[in-house]
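Peer 1: Following this line is work-v2.cif, made up of mmCIF, C-alpha atoms:
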```cif
data_model
loop_
_atom_site.group_PDB
_atom_site.id
_atom_site.type_symbol
_atom_site.label_atom_id
_atom_site.label_comp_id
_atom_site.auth_asym_id
_atom_site.auth_seq_id
_atom_site.Cartn_x
_atom_site.Cartn_y
_atom_site.Cartn_z
ATOM 1 C CA MET A 23 9.550 5.255 18.881
ATOM 2 C CA SER A 24 8.166 2.079 17.348
ATOM 3 C CA LYS A 25 10.551 -0.604 16.130
ATOM 4 C CA PRO A 26 11.436 -0.498 12.435
ATOM 5 C CA GLU A 27 9.110 -2.769 10.495
ATOM 6 C CA PHE A 28 7.325 -2.851 7.177
ATOM 7 C CA VAL A 29 3.565 -3.344 6.945
ATOM 8 C CA TYR A 30 1.646 -3.564 3.671
ATOM 9 C CA VAL A 31 -2.073 -4.094 3.203
ATOM 10 C CA THR A 32 -3.805 -4.847 -0.060
ATOM 11 C CA TYR A 33 -7.328 -5.945 -0.997
ATOM 12 C CA ILE A 34 -7.763 -8.611 -3.670
ATOM 13 C CA GLU A 35 -10.785 -9.938 -5.548
ATOM 14 C CA THR A 36 -10.118 -13.616 -4.826
ATOM 15 C CA THR A 37 -10.704 -16.276 -2.161
ATOM 16 C CA PRO A 38 -8.521 -17.001 0.894
ATOM 17 C CA GLU A 39 -7.784 -20.468 -0.548
ATOM 18 C CA LYS A 40 -6.551 -19.121 -3.887
ATOM 19 C CA LEU A 41 -4.439 -16.499 -2.141
ATOM 20 C CA TRP A 42 -2.897 -19.138 0.137
ATOM 21 C CA GLN A 43 -2.044 -21.241 -2.885
ATOM 22 C CA ALA A 44 -0.531 -18.243 -4.682
ATOM 23 C CA LEU A 45 1.712 -17.570 -1.680
ATOM 24 C CA THR A 46 2.885 -21.165 -1.335
ATOM 25 C CA ASP A 47 3.030 -22.582 -4.871
ATOM 26 C CA THR A 48 6.503 -22.690 -6.434
ATOM 27 C CA GLU A 49 5.316 -22.386 -10.020
ATOM 28 C CA PHE A 50 2.767 -19.680 -9.240
ATOM 29 C CA SER A 51 5.261 -17.584 -7.293
ATOM 30 C CA LYS A 52 7.566 -17.417 -10.316
ATOM 31 C CA LEU A 53 4.836 -15.542 -12.162
ATOM 32 C CA TYR A 54 4.611 -12.598 -9.770
ATOM 33 C CA TRP A 55 7.788 -12.728 -7.629
ATOM 34 C CA PHE A 56 10.364 -11.728 -10.252
ATOM 35 C CA GLY A 57 10.844 -15.325 -11.327
ATOM 36 C CA THR A 58 11.502 -16.417 -7.750
ATOM 37 C CA GLU A 59 10.459 -19.842 -6.475
ATOM 38 C CA VAL A 60 9.118 -20.069 -2.927
ATOM 39 C CA ARG A 61 10.307 -23.435 -1.656
ATOM 40 C CA SER A 62 9.019 -25.209 1.448
ATOM 41 C CA ASP A 63 6.715 -28.032 2.463
ATOM 42 C CA TRP A 64 4.965 -25.381 4.649
ATOM 43 C CA LYS A 65 5.029 -27.434 7.839
ATOM 44 C CA VAL A 66 5.932 -25.666 11.069
ATOM 45 C CA GLY A 67 9.666 -26.155 11.652
ATOM 46 C CA SER A 68 10.403 -26.904 7.984
ATOM 47 C CA SER A 69 12.911 -24.901 5.988
ATOM 48 C CA PHE A 70 11.932 -22.088 3.646
ATOM 49 C CA ALA A 71 13.894 -20.660 0.727
ATOM 50 C CA LEU A 72 13.551 -18.109 -2.054
ATOM 51 C CA VAL A 73 15.388 -19.302 -5.179
ATOM 52 C CA THR A 74 15.819 -17.247 -8.348
ATOM 53 C CA ASP A 75 17.469 -18.866 -11.394
ATOM 54 C CA GLY A 76 18.990 -21.498 -9.122
ATOM 55 C CA ILE A 77 20.447 -18.944 -6.705
ATOM 56 C CA THR A 78 19.143 -18.876 -3.138
ATOM 57 C CA SER A 79 18.569 -15.287 -2.002
ATOM 58 C CA ASP A 80 16.803 -15.827 1.319
ATOM 59 C CA THR A 81 16.249 -18.671 3.753
ATOM 60 C CA GLY A 82 14.200 -19.300 6.858
ATOM 61 C CA GLU A 83 12.003 -21.608 8.860
ATOM 62 C CA ILE A 84 8.224 -21.930 8.941
ATOM 63 C CA LEU A 85 6.839 -20.529 12.211
ATOM 64 C CA VAL A 86 3.088 -20.556 11.558
ATOM 65 C CA SER A 87 1.187 -22.475 8.886
ATOM 66 C CA ASP A 88 -2.572 -22.134 9.288
ATOM 67 C CA PRO A 89 -4.134 -22.365 5.809
ATOM 68 C CA PRO A 90 -5.857 -20.262 4.557
ATOM 69 C CA ARG A 91 -5.467 -17.752 7.377
ATOM 70 C CA GLN A 92 -1.910 -17.168 8.483
ATOM 71 C CA LEU A 93 1.592 -18.005 7.326
ATOM 72 C CA ALA A 94 4.777 -16.871 9.059
ATOM 73 C CA TYR A 95 8.423 -17.666 8.494
ATOM 74 C CA THR A 96 11.800 -16.423 9.558
ATOM 75 C CA PHE A 97 13.614 -14.612 6.774
ATOM 76 C CA ARG A 98 17.381 -14.314 6.545
ATOM 77 C CA HIS A 99 18.990 -12.705 3.532
ATOM 78 C CA ALA A 100 21.784 -14.792 1.988
ATOM 79 C CA ARG A 101 22.845 -13.202 -1.270
ATOM 80 C CA TYR A 102 24.233 -9.716 -0.686
ATOM 81 C CA GLU A 103 26.838 -9.055 2.010
ATOM 82 C CA GLU A 104 25.460 -5.651 3.054
ATOM 83 C CA MET A 105 22.007 -7.071 3.761
ATOM 84 C CA ARG A 106 23.121 -9.968 5.944
ATOM 85 C CA ASP A 107 23.599 -7.950 9.134
ATOM 86 C CA ASP A 108 19.987 -8.313 10.213
ATOM 87 C CA GLY A 109 20.165 -12.028 10.928
ATOM 88 C CA ALA A 110 16.762 -13.668 11.034
ATOM 89 C CA THR A 111 13.837 -11.303 10.449
ATOM 90 C CA LYS A 112 10.200 -12.425 10.431
ATOM 91 C CA VAL A 113 7.559 -12.291 7.695
ATOM 92 C CA THR A 114 3.860 -12.794 8.505
ATOM 93 C CA PHE A 115 1.038 -13.059 5.963
ATOM 94 C CA THR A 116 -2.469 -12.618 7.361
ATOM 95 C CA ILE A 117 -5.375 -13.484 5.054
ATOM 96 C CA GLU A 118 -8.839 -12.263 6.056
ATOM 97 C CA PRO A 119 -12.155 -12.463 4.199
ATOM 98 C CA HIS A 120 -13.427 -8.892 3.841
ATOM 99 C CA GLY A 121 -17.000 -8.721 2.591
ATOM 100 C CA GLY A 122 -16.621 -10.871 -0.510
ATOM 101 C CA ILE A 123 -13.005 -9.925 -1.218
ATOM 102 C CA VAL A 124 -9.796 -10.703 0.669
ATOM 103 C CA LYS A 125 -7.596 -8.478 2.797
ATOM 104 C CA LEU A 126 -3.917 -9.428 2.776
ATOM 105 C CA THR A 127 -1.596 -7.957 5.404
ATOM 106 C CA VAL A 128 2.147 -8.553 5.127
ATOM 107 C CA THR A 129 4.274 -7.647 8.121
ATOM 108 C CA HIS A 130 8.063 -7.856 7.962
ATOM 109 C CA GLN A 131 9.788 -7.157 11.282
ATOM 110 C CA GLY A 132 12.893 -7.772 13.382
ATOM 111 C CA PHE A 133 15.363 -5.540 11.535
ATOM 112 C CA ALA A 134 18.650 -4.275 12.948
ATOM 113 C CA ALA A 135 19.110 -0.523 13.465
ATOM 114 C CA GLY A 136 20.049 1.178 10.185
ATOM 115 C CA SER A 137 19.072 -1.960 8.272
ATOM 116 C CA LYS A 138 19.728 -1.994 4.518
ATOM 117 C CA LEU A 139 17.487 -5.041 4.236
ATOM 118 C CA LEU A 140 14.519 -3.001 5.502
ATOM 119 C CA GLY A 141 15.008 -0.523 2.650
ATOM 120 C CA ALA A 142 15.200 -3.335 0.108
ATOM 121 C CA VAL A 143 12.103 -5.171 1.324
ATOM 122 C CA SER A 144 10.186 -1.879 1.589
ATOM 123 C CA ASN A 145 10.756 -1.502 -2.162
ATOM 124 C CA GLY A 146 10.235 -5.165 -2.903
ATOM 125 C CA TRP A 147 6.975 -6.031 -1.173
ATOM 126 C CA PRO A 148 4.776 -3.428 -2.952
ATOM 127 C CA ALA A 149 6.063 -4.642 -6.331
ATOM 128 C CA ILE A 150 5.630 -8.341 -5.487
ATOM 129 C CA LEU A 151 2.180 -7.898 -3.929
ATOM 130 C CA SER A 152 0.981 -5.640 -6.764
ATOM 131 C CA GLY A 153 1.984 -8.393 -9.188
ATOM 132 C CA LEU A 154 0.227 -11.004 -7.057
ATOM 133 C CA LYS A 155 -2.988 -8.937 -6.987
ATOM 134 C CA SER A 156 -2.906 -8.438 -10.767
ATOM 135 C CA LEU A 157 -2.282 -12.116 -11.393
ATOM 136 C CA LEU A 158 -5.198 -13.219 -9.212
ATOM 137 C CA GLU A 159 -7.592 -10.607 -10.630
ATOM 138 C CA THR A 160 -6.622 -10.534 -14.305
ATOM 139 C CA GLY A 161 -4.547 -13.662 -14.943
ATOM 140 C CA HIS A 162 -1.535 -11.518 -15.823
ATOM 141 C CA ALA A 163 1.224 -10.205 -13.568
ATOM 142 C CA VAL A 164 2.429 -6.637 -14.102
ATOM 143 C CA ALA A 165 5.848 -6.435 -15.762
ATOM 144 C CA ILE A 166 7.830 -4.519 -13.137
ATOM 145 C CA PRO A 167 11.618 -4.195 -13.534
ATOM 146 C CA MET A 168 13.811 -6.088 -11.064
ATOM 147 C CA GLU A 169 15.269 -2.748 -9.866
ATOM 148 C CA ALA A 170 12.001 -2.186 -7.988
ATOM 149 C CA LEU A 171 13.211 -4.818 -5.539
ATOM 150 C CA GLY A 172 15.911 -2.402 -4.396
ATOM 151 C CA LYS A 173 18.580 -5.077 -4.374
ATOM 152 C CA VAL A 174 22.112 -4.483 -5.567
ATOM 153 C CA LYS A 175 22.518 -5.252 -9.251
ATOM 154 C CA MET B 16 1.820 27.831 1.580
ATOM 155 C CA ASN B 17 5.227 26.690 2.784
ATOM 156 C CA ILE B 18 5.353 22.896 2.646
ATOM 157 C CA ASP B 19 8.976 22.498 3.795
ATOM 158 C CA LYS B 20 8.071 21.560 7.350
ATOM 159 C CA PHE B 21 5.651 18.798 6.302
ATOM 160 C CA LYS B 22 6.955 15.258 6.788
ATOM 161 C CA PRO B 23 5.383 12.092 5.344
ATOM 162 C CA ALA B 24 3.616 10.048 8.030
ATOM 163 C CA ILE B 25 2.091 7.528 5.617
ATOM 164 C CA VAL B 26 3.735 6.228 2.439
ATOM 165 C CA TYR B 27 2.026 3.622 0.251
ATOM 166 C CA SER B 28 3.182 2.417 -3.172
ATOM 167 C CA ILE B 29 1.291 0.282 -5.641
ATOM 168 C CA TYR B 30 2.153 -0.831 -9.182
ATOM 169 C CA ILE B 31 -0.543 -0.645 -11.825
ATOM 170 C CA ALA B 32 -0.667 -2.070 -15.360
ATOM 171 C CA SER B 33 -1.676 1.243 -16.930
ATOM 172 C CA THR B 34 -0.237 4.505 -18.222
ATOM 173 C CA ARG B 35 0.719 7.567 -16.195
ATOM 174 C CA GLU B 36 -1.942 9.571 -18.041
ATOM 175 C CA LYS B 37 -4.699 7.139 -17.089
ATOM 176 C CA VAL B 38 -3.575 7.057 -13.445
ATOM 177 C CA TRP B 39 -3.549 10.872 -13.416
ATOM 178 C CA GLN B 40 -7.040 10.913 -14.863
ATOM 179 C CA ALA B 41 -8.251 8.390 -12.294
ATOM 180 C CA LEU B 42 -6.905 10.579 -9.470
ATOM 181 C CA THR B 43 -8.415 13.808 -10.758
ATOM 182 C CA SER B 44 -11.770 12.910 -12.302
ATOM 183 C CA ALA B 45 -15.047 12.884 -10.356
ATOM 184 C CA GLU B 46 -16.576 10.098 -12.397
ATOM 185 C CA PHE B 47 -13.541 7.867 -12.006
ATOM 186 C CA SER B 48 -12.989 8.558 -8.315
ATOM 187 C CA ARG B 49 -16.582 7.610 -7.459
ATOM 188 C CA MET B 50 -15.717 4.071 -8.550
ATOM 189 C CA TYR B 51 -12.817 3.492 -6.158
ATOM 190 C CA PHE B 52 -13.004 6.183 -3.433
ATOM 191 C CA PHE B 53 -15.955 4.837 -1.410
ATOM 192 C CA GLY B 54 -18.313 6.598 -3.822
ATOM 193 C CA ASN B 55 -16.702 9.993 -3.173
ATOM 194 C CA ALA B 56 -16.169 12.411 -6.044
ATOM 195 C CA VAL B 57 -12.926 14.375 -6.520
ATOM 196 C CA GLU B 58 -13.359 17.814 -8.082
ATOM 197 C CA VAL B 59 -10.112 19.610 -8.792
ATOM 198 C CA ASP B 60 -9.116 22.742 -10.639
ATOM 199 C CA LEU B 61 -5.777 21.528 -11.978
ATOM 200 C CA LYS B 62 -3.527 24.527 -11.420
ATOM 201 C CA VAL B 63 -1.455 25.682 -8.473
ATOM 202 C CA GLY B 64 -3.833 27.485 -6.124
ATOM 203 C CA GLY B 65 -6.868 25.770 -7.667
ATOM 204 C CA ALA B 66 -9.509 24.203 -5.446
ATOM 205 C CA TYR B 67 -9.404 20.499 -4.536
ATOM 206 C CA ILE B 68 -12.593 19.119 -3.052
ATOM 207 C CA VAL B 69 -14.073 15.710 -2.347
ATOM 208 C CA ARG B 70 -17.852 15.225 -2.136
ATOM 209 C CA THR B 71 -19.590 12.316 -0.464
ATOM 210 C CA PRO B 72 -22.103 10.286 -2.538
ATOM 211 C CA ASP B 73 -24.916 12.558 -1.286
ATOM 212 C CA GLY B 74 -23.034 15.634 -2.521
ATOM 213 C CA ALA B 75 -21.856 16.953 0.867
ATOM 214 C CA LEU B 76 -18.451 18.585 1.079
ATOM 215 C CA HIS B 77 -16.172 16.030 2.773
ATOM 216 C CA ILE B 78 -12.655 17.247 2.057
ATOM 217 C CA SER B 79 -11.542 20.673 0.958
ATOM 218 C CA GLY B 80 -8.118 21.779 -0.090
ATOM 219 C CA GLU B 81 -5.950 23.556 -2.569
ATOM 220 C CA VAL B 82 -3.574 22.414 -5.297
ATOM 221 C CA ILE B 83 0.019 22.975 -4.149
ATOM 222 C CA GLU B 84 1.993 21.174 -6.871
ATOM 223 C CA CYS B 85 0.590 20.196 -10.267
ATOM 224 C CA ASP B 86 2.861 18.473 -12.798
ATOM 225 C CA PRO B 87 0.743 16.156 -14.947
ATOM 226 C CA PRO B 88 1.097 13.211 -15.290
ATOM 227 C CA LYS B 89 3.881 12.925 -12.706
ATOM 228 C CA ARG B 90 3.075 14.686 -9.453
ATOM 229 C CA LEU B 91 0.107 16.225 -7.675
ATOM 230 C CA THR B 92 0.157 17.706 -4.183
ATOM 231 C CA VAL B 93 -2.925 19.091 -2.482
ATOM 232 C CA THR B 94 -4.019 20.120 0.978
ATOM 233 C CA PHE B 95 -6.500 17.466 2.035
ATOM 234 C CA ASN B 96 -8.545 18.665 4.955
ATOM 235 C CA VAL B 97 -11.500 16.697 6.216
ATOM 236 C CA ASN B 98 -14.382 19.043 7.021
ATOM 237 C CA TRP B 99 -14.847 18.154 10.639
ATOM 238 C CA PRO B 100 -15.171 21.095 13.042
ATOM 239 C CA ALA B 101 -11.909 22.010 14.815
ATOM 240 C CA LEU B 102 -9.913 19.398 12.874
ATOM 241 C CA ILE B 103 -7.494 21.866 11.259
ATOM 242 C CA GLU B 104 -7.158 23.865 14.446
ATOM 243 C CA LYS B 105 -6.186 20.763 16.457
ATOM 244 C CA LEU B 106 -4.265 18.663 13.913
ATOM 245 C CA GLY B 107 -3.002 21.225 11.434
ATOM 246 C CA PRO B 108 -3.408 20.852 7.675
ATOM 247 C CA THR B 109 -2.951 17.522 5.910
ATOM 248 C CA LEU B 110 -0.912 17.384 2.731
ATOM 249 C CA VAL B 111 -1.356 14.579 0.208
ATOM 250 C CA THR B 112 1.070 13.936 -2.649
ATOM 251 C CA TRP B 113 0.651 11.447 -5.472
ATOM 252 C CA GLU B 114 3.826 10.524 -7.386
ATOM 253 C CA ILE B 115 3.324 8.696 -10.679
ATOM 254 C CA GLU B 116 6.407 7.025 -12.197
ATOM 255 C CA GLN B 117 6.904 4.740 -15.166
ATOM 256 C CA SER B 118 8.357 1.405 -14.001
ATOM 257 C CA GLY B 119 8.912 -0.990 -16.862
ATOM 258 C CA ASP B 120 5.534 -1.707 -18.417
ATOM 259 C CA ALA B 121 3.800 -0.668 -15.207
ATOM 260 C CA VAL B 122 3.178 2.580 -13.369
ATOM 261 C CA LYS B 123 4.336 3.025 -9.786
ATOM 262 C CA LEU B 124 1.892 5.174 -7.839
ATOM 263 C CA THR B 125 3.119 6.427 -4.469
ATOM 264 C CA LEU B 126 0.849 8.155 -1.995
ATOM 265 C CA LEU B 127 2.330 10.329 0.736
ATOM 266 C CA GLN B 128 0.253 11.790 3.572
ATOM 267 C CA SER B 129 2.242 14.512 5.316
ATOM 268 C CA HIS B 130 1.782 16.685 8.372
ATOM 269 C CA ASP B 131 3.576 19.651 9.918
ATOM 270 C CA ARG B 132 3.605 17.992 13.350
ATOM 271 C CA ILE B 133 3.811 14.532 14.878
ATOM 272 C CA LEU B 134 0.398 12.853 15.016
ATOM 273 C CA SER B 135 -0.466 9.807 17.116
ATOM 274 C CA ASP B 136 -0.857 6.313 15.657
ATOM 275 C CA ASP B 137 -4.534 6.539 16.645
ATOM 276 C CA ILE B 138 -5.087 9.613 14.471
ATOM 277 C CA LEU B 139 -3.046 8.134 11.608
ATOM 278 C CA SER B 140 -4.980 4.851 11.742
ATOM 279 C CA GLY B 141 -7.650 6.418 9.506
ATOM 280 C CA GLY B 142 -5.254 7.008 6.619
ATOM 281 C CA ARG B 143 -3.392 3.756 7.229
ATOM 282 C CA GLN B 144 -6.671 1.882 6.913
ATOM 283 C CA GLY B 145 -8.193 3.912 4.118
ATOM 284 C CA TRP B 146 -5.414 4.448 1.568
ATOM 285 C CA PRO B 147 -4.626 0.745 0.932
ATOM 286 C CA ALA B 148 -8.342 0.117 0.282
ATOM 287 C CA ILE B 149 -8.730 3.149 -1.997
ATOM 288 C CA LEU B 150 -5.564 2.451 -3.969
ATOM 289 C CA SER B 151 -6.213 -1.320 -4.208
ATOM 290 C CA SER B 152 -9.583 -0.476 -5.725
ATOM 291 C CA LEU B 153 -8.068 2.155 -8.052
ATOM 292 C CA LYS B 154 -5.650 -0.504 -9.348
ATOM 293 C CA SER B 155 -8.515 -2.953 -9.911
ATOM 294 C CA VAL B 156 -10.558 -0.317 -11.791
ATOM 295 C CA LEU B 157 -7.683 0.448 -14.132
ATOM 296 C CA GLU B 158 -6.706 -3.190 -14.695
ATOM 297 C CA THR B 159 -10.076 -4.941 -14.802
ATOM 298 C CA GLY B 160 -12.584 -2.123 -15.405
ATOM 299 C CA LYS B 161 -14.302 -3.028 -12.139
ATOM 300 C CA PRO B 162 -13.762 -1.535 -8.700
ATOM 301 C CA LEU B 163 -13.402 -3.630 -5.548
ATOM 302 C CA LYS B 164 -16.303 -3.563 -3.167
ATOM 303 C CA VAL B 165 -14.350 -2.710 -0.046
ATOM 304 C CA GLN B 166 -16.632 -2.280 2.940
ATOM 305 C CA MET B 167 -15.134 -0.001 5.511
ATOM 306 C CA VAL B 168 -15.982 2.261 8.414
ATOM 307 C CA PRO B 169 -13.528 4.662 10.105
ATOM 308 C CA PRO B 170 -11.413 2.913 12.770
ATOM 309 C CA GLN B 171 -12.878 3.291 16.255
ATOM 310 C CA ARG B 172 -9.471 4.177 17.738
ATOM 311 C CA MET B 173 -9.298 7.185 15.406
ATOM 312 C CA LEU B 174 -12.843 8.323 16.245
ATOM 313 C CA ASP B 175 -12.095 7.959 19.958
ATOM 314 C CA ALA B 176 -8.854 9.933 19.617
ATOM 315 C CA LEU B 177 -10.579 12.725 17.647
ATOM 316 C CA LYS B 178 -13.353 12.914 20.220
ATOM 317 C CA ALA B 179 -10.815 13.090 23.045
ATOM 318 C CA MET B 180 -9.227 16.072 21.271
ATOM 319 C CA GLY B 181 -12.582 17.815 20.959
ATOM 320 C CA ILE B 182 -12.960 17.184 17.224
ATOM 321 C CA ALA B 183 -16.558 16.405 16.278
ATOM 322 C CA THR B 184 -17.119 13.635 13.717
ATOM 323 C CA PRO B 185 -20.392 12.837 11.914
#
```
Give the structure from this file in structure tokens form.

Peer 2:
Amino acid sequence: MSKPEFVYVTYIETTPEKLWQALTDTEFSKLYWFGTEVRSDWKVGSSFALVTDGITSDTGEILVSDPPRQLAYTFRHARYEEMRDDGATKVTFTIEPHGGIVKLTVTHQGFAAGSKLLGAVSNGWPAILSGLKSLLETGHAVAIPMEALGKVK
Amino acid sequence: MNIDKFKPAIVYSIYIASTREKVWQALTSAEFSRMYFFGNAVEVDLKVGGAYIVRTPDGALHISGEVIECDPPKRLTVTFNVNWPALIEKLGPTLVTWEIEQSGDAVKLTLLQSHDRILSDDILSGGRQGWPAILSSLKSVLETGKPLKVQMVPPQRMLDALKAMGIATP
């Protein structure tokens, strides 16, 4: 039995550089990540945080920063009690040129058995990455309700 | 056909700035599917028991199946059997379900590929590789009017695993 993890692949009509910027730019992230700011200086060992309306929901540390190819950080949920049991999980973004377009693979791993966080991120990533793809291809993010994130209201 | 013993082995969701009706049409029309499904054309008789087939760009029969559930524009389930000799005999039938839900101003499309037995990661690598490309391109077609040019060949690990099971591939 493989360990519980979430893997999502999407193909985007963009460049690796633009995709890297979209994943690491605080103002850009607000447009597709439910108003969430991604905050870090993106140096290995630096802190990472997701902040929505001034509230920090998740924190971590940069593990890999290899623009525009790979970004990895630890990811620890901070906001909701029932999703804190996992401790530090790991998120990896892999950006690969794919015949004129870009393949993005997001892997989220390191969950505890029976993890509620895994369920939440399994709902959240497709919504966030669909919005990211739309924004890069059309200039507009899709308006998806916050409930798609699977977090407690 | 009793589908109770089928369990999803692959689940993939994508949100699309479109309507459920347009997503349904994209999934069930030959002309539309050619744009995002590697040039393949879907031909489906939209009623339970109706035929579901997919033709390659040269017109050859690639996938044949039958409509199991048909609830436009919300849910479509078909048997989705690739026409490779001995495939059904060795792997059993493949079931594919598309769920189409309204989600705010967007549509959430969820693809489920289900089987009546446990299949290896090698066998499943084909669907795991293919569906994200197909559905990423479908989203682009509906949002921008243009498909993605996703270049792709079947994963070698899947071809090797099929060959080892005595399933001939083109």

Peer 1: Restricting the calculation to all atoms listed in the file: of B:Asp19, B:Asp136, B:Glu58, B:Glu46, which residue gets closest to chain A?

Peer 2: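 Distance minimum relative to chain A lands on B:Asp136.
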
Peer 1: Residues of chain B within 7 Å of chain A, counting all atoms listed in the file, what are they? List them as a ChimeraX atom specification.

Peer 2: /B:28-30,32,118-121,147-148,151,159,163,166

Peer 1: What is the CA of Arg90 (chain B)-CA of Trp113 (chain B) distance in Å, reported with one decimal?

Peer 2: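 So the two atoms, CA of Arg90 (chain B) and CA of Trp113 (chain B), lie 5.7 Å apart.
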
Peer 1: Could you pull the residues within 12 Å of Ser48 (chain B), counting all atoms listed in the file, minus those fewer than 3 positions along the same chain, as a PyMOL selection string?

Peer 2: chain B and resi 38-45+51-59+68-72+149-150+152-154+156-157+162

Peer 1: Return the single residue from A:Ser51, A:Ser137, A:Thr96, A:Thr81 that is closest to Thr114 (chain A), with distances computed using all atoms listed in the file.

Peer 2: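 Ranking A:Ser51, A:Ser137, A:Thr96, A:Thr81 by distance to Thr114 (chain A), first place goes to A:Thr96.
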
Peer 1: Figure out the distance between CA of Val143 (chain A) and CA of Glu83 (chain A), please, to one decimal in Å.

Peer 2: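 We find that CA of Glu83 (chain A) and CA of Val143 (chain A) lie 18.1 Å from each other.
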
Peer 1: Using only the atoms of region 146-157 of chain A listed in the file, plus 3 Å on each side, state the axis-aligned box centre and edge lengths in Å rounded to one decimal, as AutoDock Vina command-line options.

Peer 2:
```
--center_x 3.6 --center_y -7.8 --center_z -6.3 --size_x 19.2 --size_y 14.7 --size_z 16.2
```

Peer 1: Name every residue that the PyMOL selection byres ((chain A and resi 105) around 10) selects in this structure, writing the answer as number ranges by chain with chains first and numbers rising.

Peer 2: A: 98-104, 106-109, 137-142, 173-174

Peer 1: List as a PDB file with C-alpha atoms, keeping the file's coordinate frame: which residues have an atom within 12 Å of (-6.8, 18.7, 11.4), counting all atoms listed in the file?

Peer 2:
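Now in result-v7.pdb:
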```
ATOM      1  CA  ILE B  78     -12.655  17.247   2.057  1.00  0.00           C
ATOM      2  CA  SER B  79     -11.542  20.673   0.958  1.00  0.00           C
ATOM      3  CA  GLY B  80      -8.118  21.779  -0.090  1.00  0.00           C
ATOM      4  CA  THR B  94      -4.019  20.120   0.978  1.00  0.00           C
ATOM      5  CA  PHE B  95      -6.500  17.466   2.035  1.00  0.00           C
ATOM      6  CA  ASN B  96      -8.545  18.665   4.955  1.00  0.00           C
ATOM      7  CA  VAL B  97     -11.500  16.697   6.216  1.00  0.00           C
ATOM      8  CA  ASN B  98     -14.382  19.043   7.021  1.00  0.00           C
ATOM      9  CA  TRP B  99     -14.847  18.154  10.639  1.00  0.00           C
ATOM     10  CA  PRO B 100     -15.171  21.095  13.042  1.00  0.00           C
ATOM     11  CA  ALA B 101     -11.909  22.010  14.815  1.00  0.00           C
ATOM     12  CA  LEU B 102      -9.913  19.398  12.874  1.00  0.00           C
ATOM     13  CA  ILE B 103      -7.494  21.866  11.259  1.00  0.00           C
ATOM     14  CA  GLU B 104      -7.158  23.865  14.446  1.00  0.00           C
ATOM     15  CA  LYS B 105      -6.186  20.763  16.457  1.00  0.00           C
ATOM     16  CA  LEU B 106      -4.265  18.663  13.913  1.00  0.00           C
ATOM     17  CA  GLY B 107      -3.002  21.225  11.434  1.00  0.00           C
ATOM     18  CA  PRO B 108      -3.408  20.852   7.675  1.00  0.00           C
ATOM     19  CA  THR B 109      -2.951  17.522   5.910  1.00  0.00           C
ATOM     20  CA  LEU B 110      -0.912  17.384   2.731  1.00  0.00           C
ATOM     21  CA  SER B 129       2.242  14.512   5.316  1.00  0.00           C
ATOM     22  CA  HIS B 130       1.782  16.685   8.372  1.00  0.00           C
ATOM     23  CA  ASP B 131       3.576  19.651   9.918  1.00  0.00           C
ATOM     24  CA  ARG B 132       3.605  17.992  13.350  1.00  0.00           C
ATOM     25  CA  ILE B 133       3.811  14.532  14.878  1.00  0.00           C
ATOM     26  CA  LEU B 134       0.398  12.853  15.016  1.00  0.00           C
ATOM     27  CA  ILE B 138      -5.087   9.613  14.471  1.00  0.00           C
ATOM     28  CA  LEU B 139      -3.046   8.134  11.608  1.00  0.00           C
ATOM     29  CA  LEU B 177     -10.579  12.725  17.647  1.00  0.00           C
ATOM     30  CA  MET B 180      -9.227  16.072  21.271  1.00  0.00           C
ATOM     31  CA  GLY B 181     -12.582  17.815  20.959  1.00  0.00           C
ATOM     32  CA  ILE B 182     -12.960  17.184  17.224  1.00  0.00           C
ATOM     33  CA  ALA B 183     -16.558  16.405  16.278  1.00  0.00           C
ATOM     34  CA  THR B 184     -17.119  13.635  13.717  1.00  0.00           C
TER      35      THR B 184
END
```

Peer 1: Rank B:Gln171, B:Thr112, B:Ser155, B:Thr34 by their smallest atom-to-atom distance to Leu157 (chain A), using all atoms listed in the file, and report the top residue only.

Peer 2: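 The shortest atom-to-atom distance to Leu157 (chain A) comes from B:Ser155.
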
Peer 1: Please, which residues are within 10 Å of (1.5, 4.5, 4.7) by the file's coordinates, counting all atoms listed in the file, and could they come as a PyMOL selection string?

Peer 2: (chain A and resi 28-31) or (chain B and resi 23-28+125-128+139-140+142-147)

Peer 1: Take the selection from the previous step and output its residues with C-alpha atoms, as a JSON list (two decimals), in the frame of the given file.

Peer 2:
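Output file selection_21.json is given in full below:
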```json
[["chain", "number", "residue", "atom", "x", "y", "z"],
["A", 28, "PHE", "CA", 7.32, -2.85, 7.18],
["A", 29, "VAL", "CA", 3.56, -3.34, 6.94],
["A", 30, "TYR", "CA", 1.65, -3.56, 3.67],
["A", 31, "VAL", "CA", -2.07, -4.09, 3.20],
["B", 23, "PRO", "CA", 5.38, 12.09, 5.34],
["B", 24, "ALA", "CA", 3.62, 10.05, 8.03],
["B", 25, "ILE", "CA", 2.09, 7.53, 5.62],
["B", 26, "VAL", "CA", 3.74, 6.23, 2.44],
["B", 27, "TYR", "CA", 2.03, 3.62, 0.25],
["B", 28, "SER", "CA", 3.18, 2.42, -3.17],
["B", 125, "THR", "CA", 3.12, 6.43, -4.47],
["B", 126, "LEU", "CA", 0.85, 8.15, -2.00],
["B", 127, "LEU", "CA", 2.33, 10.33, 0.74],
["B", 128, "GLN", "CA", 0.25, 11.79, 3.57],
["B", 139, "LEU", "CA", -3.05, 8.13, 11.61],
["B", 140, "SER", "CA", -4.98, 4.85, 11.74],
["B", 142, "GLY", "CA", -5.25, 7.01, 6.62],
["B", 143, "ARG", "CA", -3.39, 3.76, 7.23],
["B", 144, "GLN", "CA", -6.67, 1.88, 6.91],
["B", 145, "GLY", "CA", -8.19, 3.91, 4.12],
["B", 146, "TRP", "CA", -5.41, 4.45, 1.57],
["B", 147, "PRO", "CA", -4.63, 0.74, 0.93]]
```
